[in-house]
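Visitor: Take a look at coords_23.pdb, PDB, C-alpha atoms, pLDDT in the B column:
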ATOM      1  CA  MET A   1      38.330  28.430   4.003  1.00 38.00           C
ATOM      2  CA  ALA A   2      35.476  30.062   5.936  1.00 45.00           C
ATOM      3  CA  HIS A   3      36.143  30.810   9.580  1.00 55.00           C
ATOM      4  CA  SER A   4      34.132  28.496  11.830  1.00 69.00           C
ATOM      5  CA  ARG A   5      32.748  30.094  14.975  1.00 82.00           C
ATOM      6  CA  ARG A   6      32.930  28.265  18.270  1.00 94.00           C
ATOM      7  CA  VAL A   7      29.802  27.012  20.015  1.00 98.00           C
ATOM      8  CA  VAL A   8      29.437  27.546  23.765  1.00 98.00           C
ATOM      9  CA  ALA A   9      27.173  25.596  26.099  1.00 98.00           C
ATOM     10  CA  PHE A  10      26.422  27.653  29.216  1.00 98.00           C
ATOM     11  CA  PHE A  11      25.326  25.929  32.412  1.00 98.00           C
ATOM     12  CA  ASP A  12      24.125  27.186  35.747  1.00 98.00           C
ATOM     13  CA  ALA A  13      25.544  24.930  38.484  1.00 98.00           C
ATOM     14  CA  ASP A  14      23.475  24.581  41.649  1.00 97.00           C
ATOM     15  CA  GLU A  15      20.105  22.881  41.045  1.00 96.00           C
ATOM     16  CA  THR A  16      20.996  22.585  37.349  1.00 98.00           C
ATOM     17  CA  LEU A  17      24.113  20.422  37.103  1.00 98.00           C
ATOM     18  CA  VAL A  18      24.087  19.346  40.751  1.00 97.00           C
ATOM     19  CA  ALA A  19      21.020  18.885  42.956  1.00 97.00           C
ATOM     20  CA  MET A  20      22.274  21.026  45.818  1.00 96.00           C
ATOM     21  CA  LYS A  21      23.281  24.488  46.931  1.00 96.00           C
ATOM     22  CA  SER A  22      27.007  23.870  46.949  1.00 97.00           C
ATOM     23  CA  PRO A  23      28.094  26.790  49.197  1.00 97.00           C
ATOM     24  CA  PHE A  24      25.770  25.492  51.919  1.00 96.00           C
ATOM     25  CA  ALA A  25      26.944  21.913  51.495  1.00 96.00           C
ATOM     26  CA  LEU A  26      30.508  23.151  51.973  1.00 97.00           C
ATOM     27  CA  LEU A  27      29.525  25.165  55.057  1.00 97.00           C
ATOM     28  CA  ARG A  28      27.841  22.117  56.575  1.00 96.00           C
ATOM     29  CA  HIS A  29      31.006  20.086  55.912  1.00 96.00           C
ATOM     30  CA  ARG A  30      33.239  22.734  57.488  1.00 96.00           C
ATOM     31  CA  LEU A  31      31.154  23.040  60.640  1.00 97.00           C
ATOM     32  CA  ALA A  32      30.861  19.266  61.028  1.00 96.00           C
ATOM     33  CA  ARG A  33      34.657  19.016  60.782  1.00 94.00           C
ATOM     34  CA  LEU A  34      34.850  21.513  63.640  1.00 94.00           C
ATOM     35  CA  GLY A  35      32.510  19.370  65.755  1.00 97.00           C
ATOM     36  CA  ASP A  36      29.118  20.868  64.955  1.00 97.00           C
ATOM     37  CA  ASP A  37      26.171  18.485  65.334  1.00 96.00           C
ATOM     38  CA  GLY A  38      24.049  20.682  63.064  1.00 95.00           C
ATOM     39  CA  THR A  39      23.092  23.253  65.685  1.00 97.00           C
ATOM     40  CA  GLU A  40      25.561  25.914  64.562  1.00 96.00           C
ATOM     41  CA  TYR A  41      24.744  25.283  60.932  1.00 96.00           C
ATOM     42  CA  GLU A  42      21.062  25.907  61.619  1.00 96.00           C
ATOM     43  CA  ARG A  43      21.868  29.046  63.631  1.00 96.00           C
ATOM     44  CA  LEU A  44      23.772  30.478  60.678  1.00 95.00           C
ATOM     45  CA  VAL A  45      21.555  29.302  57.846  1.00 95.00           C
ATOM     46  CA  GLU A  46      18.006  29.770  59.178  1.00 96.00           C
ATOM     47  CA  PRO A  47      18.157  33.612  58.865  1.00 95.00           C
ATOM     48  CA  LEU A  48      19.210  33.158  55.234  1.00 94.00           C
ATOM     49  CA  ARG A  49      16.339  30.756  54.558  1.00 94.00           C
ATOM     50  CA  ARG A  50      13.926  33.163  56.221  1.00 95.00           C
ATOM     51  CA  HIS A  51      15.193  36.085  54.158  1.00 95.00           C
ATOM     52  CA  ALA A  52      14.782  34.045  50.955  1.00 92.00           C
ATOM     53  CA  ARG A  53      11.231  32.990  51.939  1.00 93.00           C
ATOM     54  CA  GLN A  54      10.351  36.644  52.524  1.00 95.00           C
ATOM     55  CA  GLY A  55      11.376  37.523  48.988  1.00 93.00           C
ATOM     56  CA  GLY A  56      14.989  38.494  49.521  1.00 93.00           C
ATOM     57  CA  ALA A  57      17.008  38.603  46.323  1.00 91.00           C
ATOM     58  CA  PRO A  58      19.572  35.828  45.807  1.00 91.00           C
ATOM     59  CA  ALA A  59      22.376  38.382  45.887  1.00 91.00           C
ATOM     60  CA  GLU A  60      21.197  39.521  49.338  1.00 94.00           C
ATOM     61  CA  VAL A  61      21.120  35.943  50.646  1.00 94.00           C
ATOM     62  CA  SER A  62      24.582  35.424  49.180  1.00 93.00           C
ATOM     63  CA  ALA A  63      25.887  38.548  50.924  1.00 94.00           C
ATOM     64  CA  MET A  64      24.557  37.251  54.256  1.00 95.00           C
ATOM     65  CA  TYR A  65      26.377  33.968  53.667  1.00 96.00           C
ATOM     66  CA  TYR A  66      29.767  35.652  53.183  1.00 96.00           C
ATOM     67  CA  ARG A  67      29.296  37.886  56.208  1.00 95.00           C
ATOM     68  CA  ALA A  68      29.098  34.679  58.252  1.00 94.00           C
ATOM     69  CA  LEU A  69      32.534  33.664  56.910  1.00 96.00           C
ATOM     70  CA  ALA A  70      34.336  36.946  57.569  1.00 96.00           C
ATOM     71  CA  GLY A  71      37.868  36.527  58.899  1.00 97.00           C
ATOM     72  CA  ILE A  72      38.447  32.996  57.564  1.00 97.00           C
ATOM     73  CA  PRO A  73      41.426  32.473  55.215  1.00 97.00           C
ATOM     74  CA  VAL A  74      40.189  31.913  51.683  1.00 97.00           C
ATOM     75  CA  ALA A  75      42.950  29.352  51.094  1.00 97.00           C
ATOM     76  CA  GLU A  76      41.615  27.305  54.015  1.00 96.00           C
ATOM     77  CA  LEU A  77      38.121  27.316  52.542  1.00 97.00           C
ATOM     78  CA  MET A  78      39.416  26.388  49.087  1.00 97.00           C
ATOM     79  CA  ALA A  79      41.219  23.410  50.630  1.00 97.00           C
ATOM     80  CA  GLU A  80      38.089  22.427  52.548  1.00 97.00           C
ATOM     81  CA  GLY A  81      36.150  22.601  49.307  1.00 98.00           C
ATOM     82  CA  ARG A  82      38.442  20.043  47.739  1.00 98.00           C
ATOM     83  CA  GLN A  83      38.192  17.800  50.808  1.00 97.00           C
ATOM     84  CA  TRP A  84      34.398  18.093  50.886  1.00 97.00           C
ATOM     85  CA  TYR A  85      34.086  17.216  47.222  1.00 97.00           C
ATOM     86  CA  ALA A  86      36.504  14.284  47.443  1.00 97.00           C
ATOM     87  CA  GLN A  87      34.389  12.810  50.239  1.00 95.00           C
ATOM     88  CA  LEU A  88      31.174  13.437  48.337  1.00 95.00           C
ATOM     89  CA  ASP A  89      32.601  11.957  45.142  1.00 96.00           C
ATOM     90  CA  SER A  90      33.555   8.787  46.987  1.00 95.00           C
ATOM     91  CA  ARG A  91      29.911   8.334  48.047  1.00 94.00           C
ATOM     92  CA  GLY A  92      28.081   9.719  45.006  1.00 95.00           C
ATOM     93  CA  VAL A  93      27.757  13.314  43.780  1.00 96.00           C
ATOM     94  CA  PRO A  94      24.083  14.253  43.204  1.00 97.00           C
ATOM     95  CA  PHE A  95      24.477  15.275  39.590  1.00 97.00           C
ATOM     96  CA  VAL A  96      21.291  16.022  37.659  1.00 98.00           C
ATOM     97  CA  SER A  97      21.292  13.153  35.168  1.00 97.00           C
ATOM     98  CA  ALA A  98      19.857  14.882  32.112  1.00 98.00           C
ATOM     99  CA  ALA A  99      21.967  18.020  32.528  1.00 98.00           C
ATOM    100  CA  LEU A 100      25.101  15.935  33.010  1.00 98.00           C
ATOM    101  CA  ASP A 101      24.276  13.978  29.865  1.00 98.00           C
ATOM    102  CA  ALA A 102      23.804  17.245  27.964  1.00 98.00           C
ATOM    103  CA  LEU A 103      27.174  18.534  29.173  1.00 98.00           C
ATOM    104  CA  ARG A 104      28.915  15.347  28.073  1.00 98.00           C
ATOM    105  CA  SER A 105      27.209  15.547  24.660  1.00 98.00           C
ATOM    106  CA  HIS A 106      28.417  19.113  24.186  1.00 98.00           C
ATOM    107  CA  GLN A 107      31.939  18.091  25.150  1.00 98.00           C
ATOM    108  CA  ALA A 108      31.814  15.232  22.647  1.00 98.00           C
ATOM    109  CA  ALA A 109      30.761  17.730  19.977  1.00 97.00           C
ATOM    110  CA  GLY A 110      33.775  19.926  20.770  1.00 97.00           C
ATOM    111  CA  HIS A 111      31.761  22.762  22.266  1.00 98.00           C
ATOM    112  CA  VAL A 112      33.155  25.120  24.898  1.00 98.00           C
ATOM    113  CA  ILE A 113      31.611  24.448  28.321  1.00 98.00           C
ATOM    114  CA  ALA A 114      31.044  27.514  30.490  1.00 98.00           C
ATOM    115  CA  VAL A 115      29.582  27.410  33.995  1.00 98.00           C
ATOM    116  CA  ILE A 116      28.097  30.714  35.158  1.00 98.00           C
ATOM    117  CA  SER A 117      26.992  30.417  38.758  1.00 97.00           C
ATOM    118  CA  GLY A 118      25.986  32.363  41.831  1.00 96.00           C
ATOM    119  CA  ALA A 119      28.078  29.916  43.888  1.00 97.00           C
ATOM    120  CA  TRP A 120      31.747  30.625  44.607  1.00 97.00           C
ATOM    121  CA  ARG A 121      34.997  28.910  43.713  1.00 97.00           C
ATOM    122  CA  ALA A 122      35.509  27.121  47.030  1.00 98.00           C
ATOM    123  CA  SER A 123      32.438  24.960  46.418  1.00 98.00           C
ATOM    124  CA  LEU A 124      32.268  25.232  42.638  1.00 98.00           C
ATOM    125  CA  GLN A 125      35.773  24.591  41.365  1.00 97.00           C
ATOM    126  CA  PRO A 126      36.033  20.976  42.586  1.00 98.00           C
ATOM    127  CA  ILE A 127      32.857  20.236  40.623  1.00 98.00           C
ATOM    128  CA  THR A 128      33.924  22.033  37.457  1.00 98.00           C
ATOM    129  CA  ASP A 129      37.422  20.530  37.588  1.00 98.00           C
ATOM    130  CA  HIS A 130      35.842  17.079  37.843  1.00 97.00           C
ATOM    131  CA  LEU A 131      33.627  17.776  34.848  1.00 98.00           C
ATOM    132  CA  GLY A 132      36.367  19.309  32.708  1.00 98.00           C
ATOM    133  CA  VAL A 133      34.637  22.679  32.355  1.00 98.00           C
ATOM    134  CA  ASP A 134      36.480  25.236  30.201  1.00 98.00           C
ATOM    135  CA  VAL A 135      35.271  28.507  31.739  1.00 98.00           C
ATOM    136  CA  VAL A 136      33.979  29.255  35.243  1.00 98.00           C
ATOM    137  CA  LEU A 137      32.487  32.639  36.120  1.00 98.00           C
ATOM    138  CA  CYS A 138      30.968  32.897  39.578  1.00 98.00           C
ATOM    139  CA  THR A 139      30.411  35.015  42.667  1.00 97.00           C
ATOM    140  CA  GLU A 140      33.665  36.377  44.062  1.00 97.00           C
ATOM    141  CA  PRO A 141      33.814  37.288  47.776  1.00 97.00           C
ATOM    142  CA  ALA A 142      36.128  40.111  48.803  1.00 97.00           C
ATOM    143  CA  VAL A 143      39.485  39.076  50.245  1.00 97.00           C
ATOM    144  CA  ASP A 144      41.864  41.389  52.127  1.00 97.00           C
ATOM    145  CA  GLY A 145      45.629  41.662  51.782  1.00 97.00           C
ATOM    146  CA  ALA A 146      46.139  38.909  54.337  1.00 98.00           C
ATOM    147  CA  GLY A 147      44.013  36.474  52.350  1.00 97.00           C
ATOM    148  CA  LEU A 148      41.031  36.654  54.737  1.00 98.00           C
ATOM    149  CA  LEU A 149      37.413  36.956  53.672  1.00 97.00           C
ATOM    150  CA  THR A 150      36.191  40.442  54.546  1.00 97.00           C
ATOM    151  CA  GLY A 151      32.523  39.454  54.668  1.00 96.00           C
ATOM    152  CA  GLU A 152      31.780  41.578  51.604  1.00 96.00           C
ATOM    153  CA  VAL A 153      31.168  40.489  48.023  1.00 96.00           C
ATOM    154  CA  ALA A 154      33.507  41.738  45.307  1.00 96.00           C
ATOM    155  CA  GLY A 155      31.260  40.524  42.486  1.00 96.00           C
ATOM    156  CA  ALA A 156      27.892  38.751  42.631  1.00 96.00           C
ATOM    157  CA  MET A 157      26.950  36.474  39.725  1.00 97.00           C
ATOM    158  CA  PHE A 158      23.170  36.728  39.658  1.00 95.00           C
ATOM    159  CA  GLY A 159      20.579  37.965  37.162  1.00 92.00           C
ATOM    160  CA  PRO A 160      21.916  40.676  34.831  1.00 94.00           C
ATOM    161  CA  ALA A 161      25.497  39.844  35.840  1.00 96.00           C
ATOM    162  CA  LYS A 162      25.006  36.446  34.208  1.00 96.00           C
ATOM    163  CA  ALA A 163      24.059  38.125  30.925  1.00 96.00           C
ATOM    164  CA  LEU A 164      27.233  40.220  31.049  1.00 97.00           C
ATOM    165  CA  ALA A 165      29.221  37.059  31.741  1.00 97.00           C
ATOM    166  CA  VAL A 166      27.668  35.366  28.712  1.00 98.00           C
ATOM    167  CA  HIS A 167      28.703  38.308  26.534  1.00 97.00           C
ATOM    168  CA  ARG A 168      32.270  38.084  27.863  1.00 97.00           C
ATOM    169  CA  VAL A 169      32.495  34.407  26.963  1.00 98.00           C
ATOM    170  CA  LEU A 170      30.914  34.892  23.536  1.00 97.00           C
ATOM    171  CA  ASP A 171      33.431  37.634  22.765  1.00 97.00           C
ATOM    172  CA  ALA A 172      36.374  35.605  24.083  1.00 96.00           C
ATOM    173  CA  TYR A 173      35.534  32.637  21.851  1.00 96.00           C
ATOM    174  CA  ASP A 174      34.189  34.585  18.858  1.00 95.00           C
ATOM    175  CA  ALA A 175      30.926  32.692  19.271  1.00 97.00           C
ATOM    176  CA  ALA A 176      27.543  33.707  17.887  1.00 97.00           C
ATOM    177  CA  ALA A 177      24.813  33.759  20.529  1.00 97.00           C
ATOM    178  CA  GLU A 178      22.268  32.189  18.183  1.00 97.00           C
ATOM    179  CA  ASP A 179      24.473  29.102  17.811  1.00 97.00           C
ATOM    180  CA  CYS A 180      24.953  28.621  21.561  1.00 98.00           C
ATOM    181  CA  PHE A 181      23.135  26.740  24.308  1.00 98.00           C
ATOM    182  CA  ALA A 182      22.193  27.456  27.915  1.00 98.00           C
ATOM    183  CA  TYR A 183      20.797  25.332  30.735  1.00 98.00           C
ATOM    184  CA  ALA A 184      19.344  26.707  33.963  1.00 98.00           C
ATOM    185  CA  ASP A 185      16.608  26.185  36.521  1.00 97.00           C
ATOM    186  CA  ASP A 186      15.618  29.515  38.079  1.00 94.00           C
ATOM    187  CA  PRO A 187      13.932  32.778  37.002  1.00 94.00           C
ATOM    188  CA  GLY A 188      17.137  34.568  37.992  1.00 93.00           C
ATOM    189  CA  ASP A 189      18.818  32.741  35.117  1.00 96.00           C
ATOM    190  CA  LEU A 190      16.517  34.190  32.457  1.00 96.00           C
ATOM    191  CA  PRO A 191      19.012  36.884  31.375  1.00 94.00           C
ATOM    192  CA  MET A 192      21.392  34.062  30.455  1.00 96.00           C
ATOM    193  CA  LEU A 193      18.794  31.818  28.829  1.00 97.00           C
ATOM    194  CA  GLU A 194      17.319  34.608  26.731  1.00 97.00           C
ATOM    195  CA  LEU A 195      20.648  35.505  25.153  1.00 97.00           C
ATOM    196  CA  VAL A 196      21.291  32.219  23.356  1.00 98.00           C
ATOM    197  CA  GLY A 197      19.648  30.491  20.462  1.00 98.00           C
ATOM    198  CA  HIS A 198      19.083  27.227  22.309  1.00 98.00           C
ATOM    199  CA  PRO A 199      17.870  27.697  25.913  1.00 98.00           C
ATOM    200  CA  THR A 200      16.770  24.748  28.053  1.00 98.00           C
ATOM    201  CA  VAL A 201      14.981  24.801  31.415  1.00 98.00           C
ATOM    202  CA  VAL A 202      16.106  22.220  33.972  1.00 98.00           C
ATOM    203  CA  GLY A 203      13.793  21.069  36.762  1.00 96.00           C
ATOM    204  CA  GLY A 204      10.233  21.892  37.651  1.00 92.00           C
ATOM    205  CA  HIS A 205      10.149  25.506  38.842  1.00 94.00           C
ATOM    206  CA  PRO A 206       6.519  26.485  38.075  1.00 96.00           C
ATOM    207  CA  ALA A 207       7.302  29.883  36.540  1.00 95.00           C
ATOM    208  CA  MET A 208      10.096  28.432  34.430  1.00 97.00           C
ATOM    209  CA  SER A 209       7.931  25.510  33.279  1.00 96.00           C
ATOM    210  CA  ARG A 210       5.204  27.945  32.187  1.00 96.00           C
ATOM    211  CA  LEU A 211       7.700  30.117  30.365  1.00 96.00           C
ATOM    212  CA  ALA A 212       9.251  27.137  28.614  1.00 97.00           C
ATOM    213  CA  ALA A 213       5.812  26.025  27.435  1.00 97.00           C
ATOM    214  CA  GLU A 214       4.963  29.519  26.188  1.00 97.00           C
ATOM    215  CA  ARG A 215       8.227  29.927  24.298  1.00 96.00           C
ATOM    216  CA  GLY A 216       8.663  26.388  23.089  1.00 97.00           C
ATOM    217  CA  TRP A 217      11.859  25.853  25.042  1.00 98.00           C
ATOM    218  CA  PRO A 218      12.850  22.276  25.846  1.00 98.00           C
ATOM    219  CA  THR A 219      12.875  21.134  29.465  1.00 98.00           C
ATOM    220  CA  LEU A 220      14.894  18.525  31.321  1.00 98.00           C
ATOM    221  CA  PRO A 221      13.885  16.692  34.518  1.00 97.00           C
ATOM    222  CA  ALA A 222      15.847  17.258  37.729  1.00 95.00           C
ATOM    223  CA  THR A 223      16.235  13.537  38.452  1.00 96.00           C
ATOM    224  CA  VAL A 224      19.603  12.813  40.045  1.00 96.00           C
ATOM    225  CA  VAL A 225      21.973  10.040  39.087  1.00 94.00           C
ATOM    226  CA  PRO A 226      21.177   6.773  40.880  1.00 91.00           C
ATOM    227  CA  GLY A 227      22.983   6.144  44.147  1.00 87.00           C
ATOM    228  CA  SER A 228      23.982   9.753  44.756  1.00 90.00           C
ATOM    229  CA  VAL A 229      23.972  11.349  48.209  1.00 86.00           C
ATOM    230  CA  PRO A 230      21.359  14.094  48.906  1.00 84.00           C
ATOM    231  CA  GLN A 231      22.741  17.420  50.143  1.00 85.00           C
ATOM    232  CA  PRO A 232      20.073  19.177  52.232  1.00 82.00           C
ATOM    233  CA  VAL A 233      20.188  22.944  52.686  1.00 77.00           C
TER
END
Please, can you express the file's structure as structure tokens?
Guide:
Amino acid sequence: MAHSRRVVAFFDADETLVAMKSPFALLRHRLARLGDDGTEYERLVEPLRRHARQGGAPAEVSAMYYRALAGIPVAELMAEGRQWYAQLDSRGVPFVSAALDALRSHQAAGHVIAVISGAWRASLQPITDHLGVDVVLCTEPAVDGAGLLTGEVAGAMFGPAKALAVHRVLDAYDAAAEDCFAYADDPGDLPMLELVGHPTVVGGHPAMSRLAAERGWPTLPATVVPGSVPQPV
């Protein structure tokens, strides 16, 4: 009998599967739990927004985020991530409807589901556990011997790093890239989209919409599931 290769469906997470930047939603939750009325959140996040508006690379914005968390126990933040997501789930997670439907269709077909994201496990794992994702590869902040965030990044999952992650998953599952699928919303995800035989653009980013039209890639709207709770950045 011929050996049947596995099929992998790769998904970006933030603004692809969920209409939010999950690390920032978690930070807002943490600060509110500590009594912040939004002032401290804005103090920490506005420099990151400004850097992004000025053309800063996503990996640079990510590095600024983790510097703001230096000295906090990673176990504490992982626990807060689960608490944040449980609260959000009780009110309505802002999943992107079409991307969620695609994920469920791939699961029904027996495909491997891999999430490759620039977010980190504290905000990402509650989502991927909920969805039954098989593989999660994401940004990994550096942690010292005492379990505290150092403020540095051990491994950033942006741009070319996503392509390397795709190769790792393809090798692990003996999957052929031309048989596989990928869903993402941002130009930084192009290295992932371009590797598979079936790329799909999610949302309305102008550059991505133009590229999809030029290459004949399908697109999905970024409409969220009804009744979900917006998560502002």
Visitor: Find the residues of region 3-40 of chain A that sit at most 12 Å from region 217-233 of chain A; for each, write down the nearest two atoms and how far apart they are in Å, to one decimal. Count only C-alpha atoms. Sort by chain, then by number going up, and give it as a tab-separated table.
Guide:
residue	atom	partner	partner_atom	distance
A:Asp14	CA	A:Gln231	CA	11.1
A:Glu15	CA	A:Ala222	CA	7.8
A:Thr16	CA	A:Ala222	CA	7.4
A:Leu17	CA	A:Ala222	CA	8.9
A:Val18	CA	A:Val224	CA	8.0
A:Ala19	CA	A:Val224	CA	6.9
A:Met20	CA	A:Gln231	CA	5.7
A:Lys21	CA	A:Val233	CA	6.7
A:Ser22	CA	A:Gln231	CA	8.4
A:Pro23	CA	A:Val233	CA	9.5
A:Phe24	CA	A:Val233	CA	6.2
A:Ala25	CA	A:Gln231	CA	6.3
A:Leu26	CA	A:Gln231	CA	9.8
A:Leu27	CA	A:Val233	CA	9.9
A:Arg28	CA	A:Val233	CA	8.6
A:His29	CA	A:Gln231	CA	10.4
A:Gly38	CA	A:Val233	CA	11.3
Visitor: Work out how far apart CA of Thr139 (chain A) and CA of Gly188 (chain A) are and give it in Å to one decimal.
Guide: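 Straight-line distance from CA of Thr139 (chain A) to CA of Gly188 (chain A) works out to 14.1 Å.
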Visitor: I'd like the residues picked by the PyMOL selection byres ((chain A and resi 103) around 10) written out as an MDAnalysis selection string, using the chain letters and numbers from the file.
Guide: chainID A and resid 9:11 17 97:102 104:109 111:114 131:133 183
Visitor: Might you pull out every residue within 9 Å of region 79-84 of chain A, with only C-alpha atoms counted and same-chain residues fewer than 4 positions away left off, and present them as a PyMOL selection string?
Guide: chain A and resi 25-26+29-30+74-75+88-89+121-126
Visitor: Which is closest to Met78 (chain A) among A:Ala213, A:Leu149, A:Val169, A:Ala177, if we use only C-alpha atoms?
Guide: A:Leu149
Visitor: Which residues fall under the PyMOL selection byres ((chain A and resi 154-159) around 6) in this file, as a PyMOL selection string?
Guide: chain A and resi 118+138-142+153+160-162+188-189
Visitor: Which residues fall under the PyMOL selection byres ((chain A and resi 62-64) around 9) in this file, as a PyMOL selection string?
Guide: chain A and resi 47-48+57-61+65-68+118-119+139+141+151-153+156
Visitor: Which of these residues is nearest to Asp129 (chain A), using only C-alpha atoms: A:Ser209, A:Leu148, A:Tyr85, A:Ser90?
Guide: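 Smallest separation from Asp129 (chain A) among the options: A:Tyr85.
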Visitor: Show which residues sit within 10 Å of Glu194 (chain A), as JSON, numbers by chain. Count only C-alpha atoms, and ignore same-chain residues fewer than 6 positions away.
Guide: {"A": [163, 177, 182, 200]}
Visitor: By how many Å are CA of Arg5 (chain A) and CA of Gly216 (chain A) apart?
Guide: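 Interatomic distance, CA of Arg5 (chain A) to CA of Gly216 (chain A): 25.7 Å.
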Visitor: Neighbouring residues of Leu211 (chain A) were defined as those with any atom within 12 Å, considering all atoms listed in the file; residues of the same chain fewer than 3 positions away were excluded. Please report them as a list in words.
Guide: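 That gives Asp185, Asp186, Pro187, Leu190, Leu193, Glu194, Pro199, Thr200, Val201, Gly204, His205, Pro206, Ala207, Met208, Glu214, Arg215, Gly216, Trp217, Pro218 and Thr219 of chain A.
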Visitor: Please report the interatomic distance between CA of Val7 (chain A) and CA of Ala165 (chain A) in Å with one decimal.
Guide: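 Interatomic distance, CA of Val7 (chain A) to CA of Ala165 (chain A): 15.5 Å.
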Visitor: Around all listed atoms of region 154-164 of chain A, padded 8 Å per side, what centre and edge lengths does the axis-aligned box have in Å to one decimal, as AutoDock Vina command-line options?
Guide:
--center_x 27.0 --center_y 39.1 --center_z 38.1 --size_x 28.9 --size_y 21.3 --size_z 30.4
Visitor: Using all atoms listed in the file, pick whichever of A:Ala70, A:Pro191, A:Arg91, A:Arg33 has the shortest atom-to-atom distance to Gly147 (chain A).
Guide: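 The closest residue to Gly147 (chain A) is A:Ala70.
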Visitor: Applying 7 Å and only C-alpha atoms, which residues near Arg6 (chain A) remain after dropping the ones on its own chain fewer than 5 positions away? List them as a list in words.
Guide: His111, Tyr173, Asp174 and Ala175 of chain A
